[in-house]
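Undergrad: Below is a structure I'd like to ask you about.
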Amino acid sequence: MFGLPRKLAVDSAELQRRFYALAREHHPDFHQAAPAEERARIEATSALVNAAYRTLRDPIARVEYLVRLEEGRETKEGDIDKPKAPPALLQEMFEIQEALAEARSEAAKGALDETTRATLAEQRESLRARLKDEETRLAGPLSARWDSAAPAERPAILAAFKEALATRAYLRTVIADLTETLGGDTEEFGRAIEGRHGSAEAPRTRGGMGGHIGAPHQ
Amino acid sequence: MSSRIIGIDLGTTNSLVAYVDEATGLPRVIPDADGRPLLPSVVAFTPDGIVVGEPARRQLARRPADTVYSVKRLMGRGFEDVKDEARYLPFRILAGEGLVRLAVGGREVTPPEVSAVVLKALKERAERHFGESVEKAVVTVPAYFNDAQRQATKDAGRIAGLDVVRIVNEPTAASLAYGLHRLSEGVVAVYDLGGGTFDVSILRVKDGVFEVLATNGDTHLGGDDFDRVLALWLLEDIAARHHTELDRDCVDLARDPEAMQELRLAAEAAKIRLSSEERTTLTLPFAGFTYRREMTRADLERLVEPLVRRTLGPCRRALADAGLSAADIDEVVLVGGSTRVPLVRRRVQELFGKTPHSQLNPDEVVALGAAVQAHILAGGITNMLLLDVTPLSLGIESLGGIVNVLIPRNTTIPTSAREMFTTSADGQTLVDLHVLQGERELAKDCRSLGRFELRIDPMPAGMPKIEVTFLIDANGILQVQAKEQRSDKAASIEVKPTYGLNEAEVGRMIEDSFTYAEADVETRMLIEARNEADTVLVHAGRALKQGAHLVDVAERAAIETAVAALRAARSGDDRDRIHEATTAVNRATEHLAEVLMDAALKGALGSRRATEILGER
């Protein structure tokens, strides 16, 4: 759509320039006089242009999109193979979640005691650092490897992408849970929100989805 | 030219209409017949008809129960949302499900109907200006307005006979107004603190494209809240200092809507004076005593500081969402009347480390921007493009009451998202989609926008593949489509807005708007004359009560005669007679007014507000 090479490395200034040009061409603002059907088509194109830009400008979203393309999925949800995080990480996350559950039931009775609080905050900081490392690795060296890989090497890199994305999702969920338990100031609240909604692939949210909605009606 | 599109700023306190002047290419506000650009967003439901704007504002204190102000804060909301602040509103809000309903002037109205009266007045103002009918408008809303609030604004337009061709976010509109000449390319933060709402938007301006990167805000924070904390503080002070008089007369000011409205208006006036002066004196006449106190800007700042601080959180969140820090902001623009408060300016400057722009009148800049957007839509401007975002995440309730986000906040609009769903029971023919907006994880903590019921063919559980598409249009309003892929049949959707009006209701309100027409010009002028008479009678009564001993018997008798004559005239329908009698009372009380003014000046040195007892003359 943007006439750029299909690579994970994207020239962001060039991407922005082309996005502005396409946005101009397809924005409903410039087609007010068109018949209703034409306007609906333009609105859909405009939505597509916006979504494409949103995906391409963010290095992590680019990787997520690539994985979906390679797997032939259209939407974010509905993949059969759930992303698998390394077992060691799962074990570790499980332990933190348990400690968290304990802290929560304690907090329900009264205030969190200072030592627990400090431990949790420390844990959150170290997880944040790991998340940052994981994202840097994903957007940097891993993405670069994909761009230069021979076709035969690609399935292995794809698997690495999926593992890294899953790790990231777990880390984000646990960080968000920690933040929620710690309460904290409004700034933290903002970050917690960010953590949740960016993490459409997070295990917790995933559990709730799967498409069964609505009580049976008849 | 039937394709003319006007730009309207439908504000909490004041509303304006503007257009782009073809000759200069610049946006201009259309004033009323008396040259006033602002139309107070106040609507009075009187026995003689509906009155809007300045005459309605003037009778706020006299007919508090039937005069609606700040209705924007009620748009697209339910009783539960507003019941806390309803305590401070002198008109009646009915308890019930769905959207808020008001009981005023012996009938029930919804906020969109009240807003429609304001829109209609602006439409007529524009029609008088152009000498032709106007049918299309761009209307602005706070960026942080949710879907229901936007829809309510669109409904108000329809009820007023206006096709709202675009809903534009206020801070973005302001940036368009500035963008014409005053902004260089770069990252701009727009801080918009109005009468009832607060917004902050971060934009990138480049190559004529105004791309909103992030927006945040609070739809229940504005100058009204400043007035309220100040009024409540005054109320306490009055109770402390004048408890003897209050107890003697068995008066509970907090339960007296007229007194509370007077107090609110006095608080607002003092707040405005303290933006340009360091200290001011409030003089409030009550039955039996006059309250007088000096207050300083520091007093006001101490009271409003927590409110101002509440605006900083959204600013930081918008920056974080845009992936920027305060140092990345090239320019800061101030919008909204409340940004005249020096404390607000100081805090904004501290946060962004930049001297904010305020060359354009903060009351007018949003309307001017709406006119620019209207001109873009009419094809008059082709080198500017606004790319706005949806302020709040949009999702569907899934099992366990968790929100499944389809469109995250700060997504550029128009945008669409698709999701596949299936059924959980055999032979299920009805699927219930609960659409939510907000940033919380659980459905119960988010805003319910509505329920969409899809009707499908019966199939075993898990078999149907229902593709649901959300489309947010350029107005930020959601449209939902659904299709069952196995049968390739579009599922029929019934929309049940949680806090909105359905088609039939809007239709009925359009009809009602003709039945309960705005009072015609003759009646309106009569109402104005009566209002004026009432004001003068109140002031004359007070002046007599407080200063009878200061003038001789003959003068007192002359005043009483003039007052009696005015009372008689006021009960009739002869406008000229009311005018004459009003002038006569004014003349008869002139000397008494001077004497009282002197006494007031001696009583409280430096008081410039003796006119408050006596009325503006």
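A note on labels: chains of the structure tokens are A, B, ... as shown, every chain counts residues from 1, and ligands are counted from 1 in their shown order.
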Extract, using only C-alpha atoms, all DNA, RNA and protein residues at most 12 Å from Leu94 (chain B), discarding same-chain residues fewer than 6 positions from it, and format them as number ranges by chain.
TA: B: 78-80, 82-83, 86-87, 100-104, 107-110
Undergrad: Taking the backbone alone, and naming residues the way the document does, which bits of region 5-172 of chain A are helix (DSSP H, G or I) by DSSP, as an NGL selection string?
TA: :A and (12-26 or 28-31 or 36-57 or 59-71 or 87-109 or 114-148 or 151-172)
Undergrad: For chain B against chain A, with a cut-off of 7 Å and counting only C-alpha atoms, what is the closest atom pair and its distance in Å to one decimal for every residue that makes the cut, ordered by chain and number, as a tab-separated table?
TA:
residue	atom	partner	partner_atom	distance
B:Val209	CA	A:Tyr20	CA	7.0
B:Gly313	CA	A:Thr186	CA	6.5
B:Arg317	CA	A:Gly190	CA	5.9
B:Ile376	CA	A:Asp29	CA	7.0
B:Leu377	CA	A:Asp29	CA	5.4
B:Gly379	CA	A:Phe30	CA	6.9
B:Leu385	CA	A:Arg24	CA	6.9
B:Ser398	CA	A:Ile213	CA	5.4
B:Leu399	CA	A:Gly208	CA	5.5
B:Gly400	CA	A:Gly208	CA	6.5
B:Ile402	CA	A:Gly208	CA	6.4
B:Asn404	CA	A:Met209	CA	7.0
B:Val405	CA	A:His197	CA	6.9
B:Pro408	CA	A:His197	CA	6.7
B:Thr412	CA	A:Asn50	CA	6.1
B:Ile413	CA	A:Ala47	CA	6.7
B:Pro414	CA	A:Ala47	CA	4.8
B:Thr415	CA	A:Ala47	CA	4.0
B:Ser416	CA	A:Ala47	CA	5.8
B:Arg418	CA	A:Thr75	CA	6.8
B:Glu419	CA	A:Thr75	CA	6.6
B:Met420	CA	A:Gly211	CA	6.5
B:Phe421	CA	A:Gly211	CA	4.3
B:Thr422	CA	A:Gly211	CA	5.5
B:Thr423	CA	A:His212	CA	5.6
B:Ser424	CA	A:His212	CA	5.6
B:Ala425	CA	A:Pro216	CA	5.6
B:Gln428	CA	A:Pro216	CA	5.9
B:Thr429	CA	A:Gln218	CA	6.3
B:Leu430	CA	A:His217	CA	5.5
B:Val431	CA	A:Gly214	CA	5.7
B:Asp432	CA	A:Gly214	CA	5.0
B:Leu433	CA	A:Gly214	CA	6.7
B:Glu439	CA	A:Ile193	CA	6.3
Undergrad: Would you save the residues from that selection as a compact mmCIF listing (two decimals), in the first residue's frame, using C-alpha atoms?
TA:
# COMPACT_ATOMS: atom_id res chain seq x y z
CA VAL B 209 -1.76 17.62 7.91
CA GLY B 313 -2.83 13.90 35.00
CA ARG B 317 -1.25 10.49 30.05
CA ILE B 376 -12.63 22.11 4.12
CA LEU B 377 -15.76 19.94 3.81
CA GLY B 379 -14.32 22.15 -0.79
CA LEU B 385 -6.34 17.87 6.50
CA SER B 398 -17.07 -11.32 26.56
CA LEU B 399 -17.48 -14.22 28.97
CA GLY B 400 -16.77 -13.31 32.55
CA ILE B 402 -14.24 -8.84 30.63
CA ASN B 404 -12.43 -7.46 24.67
CA VAL B 405 -10.96 -4.33 23.09
CA PRO B 408 -7.79 0.93 21.29
CA THR B 412 -6.71 7.48 13.97
CA ILE B 413 -10.24 7.71 12.56
CA PRO B 414 -11.92 6.59 10.38
CA THR B 415 -10.98 3.13 11.52
CA SER B 416 -12.46 -0.34 11.50
CA ARG B 418 -13.28 -7.09 12.74
CA GLU B 419 -13.82 -9.92 15.15
CA MET B 420 -15.24 -13.42 14.84
CA PHE B 421 -17.81 -14.72 17.28
CA THR B 422 -19.83 -17.85 17.72
CA THR B 423 -22.62 -19.17 19.92
CA SER B 424 -22.47 -21.10 23.17
CA ALA B 425 -25.80 -22.95 22.99
CA GLN B 428 -29.23 -20.16 19.46
CA THR B 429 -30.92 -17.60 17.22
CA LEU B 430 -30.18 -14.42 19.11
CA VAL B 431 -26.72 -13.17 19.94
CA ASP B 432 -26.36 -10.27 22.30
CA LEU B 433 -23.42 -7.93 21.75
CA GLU B 439 -10.18 2.01 29.67
Undergrad: What is the CA of Leu142 (chain A)-CA of Gly323 (chain B) distance in Å, reported with one decimal?
TA: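 Those two atoms sit 22.7 Å apart.
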Undergrad: If we count only C-alpha atoms, what is near region 356-362 of chain B at a cut-off of 7 Å, once residues fewer than 6 positions away on the same chain are taken out, given as a PDB file with C-alpha atoms, in the first residue's frame?
TA:
ATOM      1  CA  GLU B 331       4.090  24.853  21.017  1.00  0.00           C
ATOM      2  CA  VAL B 332       1.270  25.039  23.552  1.00  0.00           C
ATOM      3  CA  VAL B 333      -2.142  26.508  22.721  1.00  0.00           C
ATOM      4  CA  LEU B 334      -4.661  27.619  25.347  1.00  0.00           C
ATOM      5  CA  VAL B 335      -8.365  27.270  24.597  1.00  0.00           C
ATOM      6  CA  GLY B 336     -11.508  27.891  26.665  1.00  0.00           C
ATOM      7  CA  GLY B 337     -12.531  30.743  28.924  1.00  0.00           C
ATOM      8  CA  GLN B 349       3.581  26.615  31.533  1.00  0.00           C
TER       9      GLN B 349
END
Undergrad: Pick out the residues sitting within 12 Å of Lys132 (chain A), and hand them over as an NGL selection string; count only C-alpha atoms, and ignore anything fewer than 5 positions along from it in its own chain.
TA: :A and (60 or 125-127 or 137-140 or 164 or 167-168 or 171-172)
Undergrad: Just give me the gap between CA of Thr197 (chain B) and CA of Arg166 (chain B) in Å, one decimal is fine.
TA: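 Here the two named atoms are 20.0 Å from each other.
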